[in-house]
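Visitor: Sending over a structure as structure tokens; questions will come in a sec.
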Amino acid sequence: MSGTQLTVTLSGGGTDDARAVVRALEGTFGAPDELPADGNATVHTATFDGESGVGSAGGDGEASGRLSAPVTVTVQGSPEAVRRASDTLTRVFTARDDGAASGDQEQERQLLLEP
């Protein structure tokens with residue numbers, strides 16, 4: 001995993017909720033590999049390579065800040081990428097930090113985003 005790559009795993013809510021979370025991160029990390037699309041999935045995953053849009057402001061965070069149900073989000077990547085993702089998500093959504101785990105070069109953080 002490169003220093004700017006971020007993997008996001010989402011559970012709870014529906015596909016539209018997963019898309020809202022991913023879109024909220026686009027302003028910070030650029031476009032993901034693909035948007036969540038499978039309406040029957042119970043877990044959605046998106047990967048940001050961080051090569052485009054890194055550090056850019058904006059995105060449609062305010063519009064993205066509405067969820068229909070609670071969504072558990074796990075972000076995994078470099079400590080800097082995880083910090084930036086956590087900051088973005090807690091700014092856009094009502095969020096509860098459910099903990100973090102650190103490795104030698106990667107970090108993982110879990111957030112509960114509430115409607």
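So you can find residues: chains in the structure tokens are A, B, ... in the order shown, residues in each start at 1, and ligands are numbered from 1 in order.
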So that I can see what lies close to Leu35 in chain A, please list as a PyMOL selection string the residues with an atom at most 10 Å from it, counting only C-alpha atoms and leaving out residues fewer than 5 positions away in the same chain.
Guide: chain A and resi 15-16+18-20+22-23+44-47
Visitor: Store the residues picked out above, limited to C-alpha atoms, as a CSV table (one decimal), in the first residue's frame.
Guide:
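Ended up saving to part.csv:
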```csv
chain,number,residue,atom,x,y,z
A,15,THR,CA,-25.7,1.7,-1.4
A,16,ASP,CA,-26.7,5.3,-1.5
A,18,ALA,CA,-22.0,4.1,1.0
A,19,ARG,CA,-21.8,6.4,-2.1
A,20,ALA,CA,-22.4,9.5,0.1
A,22,VAL,CA,-17.1,7.8,-0.6
A,23,ARG,CA,-18.1,11.0,-2.3
A,44,HIS,CA,-19.0,-1.9,0.3
A,45,THR,CA,-15.3,-1.2,-0.4
A,46,ALA,CA,-13.6,1.7,-2.1
A,47,THR,CA,-9.9,2.3,-2.7
```
Visitor: Set the distance at 10 Å and use only C-alpha atoms: which residues neighbour Thr88 in chain A once local chain neighbours fewer than 6 positions away are removed? I'd like the list as a ChimeraX atom specification.
Guide: /A:21,24-28,61,82
Visitor: I need the residues of range 1-114 of chain A that end up classed as helix (DSSP H, G or I) by DSSP on the backbone, written out as a count of residues only.
Guide: 33
Visitor: Excluding Ala81 in chain A and its own-chain neighbours fewer than 6 positions away, which residues fall within 10 Å of it when counting only C-alpha atoms? Please give them as an MDAnalysis selection string.
Guide: chainID A and resid 3:7 28:29 48 50 54 75 87 106:108
Visitor: Would you list the contacts of Pro70 in chain A as a count of residues only, taking every protein, DNA or RNA residue within 8 Å and counting only C-alpha atoms, but skipping same-chain residues closer than 6 positions in sequence?
Guide: 6
Visitor: So that I can check the surroundings of Val73 in chain A, please list as an mmCIF file with N, CA and C atoms, in the first residue's frame every protein, DNA and RNA residue that reaches within 6 Å of it, counting only C-alpha atoms and ignoring chain neighbours fewer than 6 positions away.
Guide:
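Okay, this is what ended up in result-v6.cif:
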```cif
data_model
loop_
_atom_site.group_PDB
_atom_site.id
_atom_site.type_symbol
_atom_site.label_atom_id
_atom_site.label_comp_id
_atom_site.auth_asym_id
_atom_site.auth_seq_id
_atom_site.Cartn_x
_atom_site.Cartn_y
_atom_site.Cartn_z
ATOM 1 N N THR A 9 -13.866 0.550 4.006
ATOM 2 C CA THR A 9 -14.847 -0.523 4.050
ATOM 3 C C THR A 9 -16.056 0.004 4.800
ATOM 4 N N LEU A 10 -17.242 -0.175 4.218
ATOM 5 C CA LEU A 10 -18.469 0.377 4.781
ATOM 6 C C LEU A 10 -19.498 -0.725 4.980
ATOM 7 N N GLN A 110 -11.849 2.898 12.962
ATOM 8 C CA GLN A 110 -13.245 2.607 12.717
ATOM 9 C C GLN A 110 -14.096 3.739 13.265
ATOM 10 N N LEU A 111 -15.030 4.187 12.444
ATOM 11 C CA LEU A 111 -15.964 5.258 12.816
ATOM 12 C C LEU A 111 -17.388 4.775 12.607
#
```
Visitor: I'd like to know which residues of chain A are strand (DSSP E or B) (by DSSP, run on the backbone); could you write them as a ChimeraX atom specification?
Guide: /A:6-11,43-48,71-77,94-102,107-114
Visitor: Which of these residues is nearest to Ala101 in chain A, using only C-alpha atoms: A:Gly14, A:Gly39, A:Gly65, A:Pro79?
Guide: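 Of A:Gly14, A:Gly39, A:Gly65, A:Pro79, the one nearest Ala101 in chain A is A:Pro79, counting only C-alpha atoms.
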Visitor: Nearest to Thr72 in chain A: which of A:Asp49, A:Asp97, A:Ala31, A:Val92 is it, counting only C-alpha atoms?
Guide: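 Going through A:Asp49, A:Asp97, A:Ala31, A:Val92 one by one, the smallest distance to Thr72 in chain A is for A:Asp97.
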Visitor: When you draw a straight line from CA of Arg84 in chain A to CA of Pro32 in chain A, how long is it in Å?
Guide: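 Atom-to-atom, CA of Arg84 in chain A and CA of Pro32 in chain A are spaced 15.2 Å apart.
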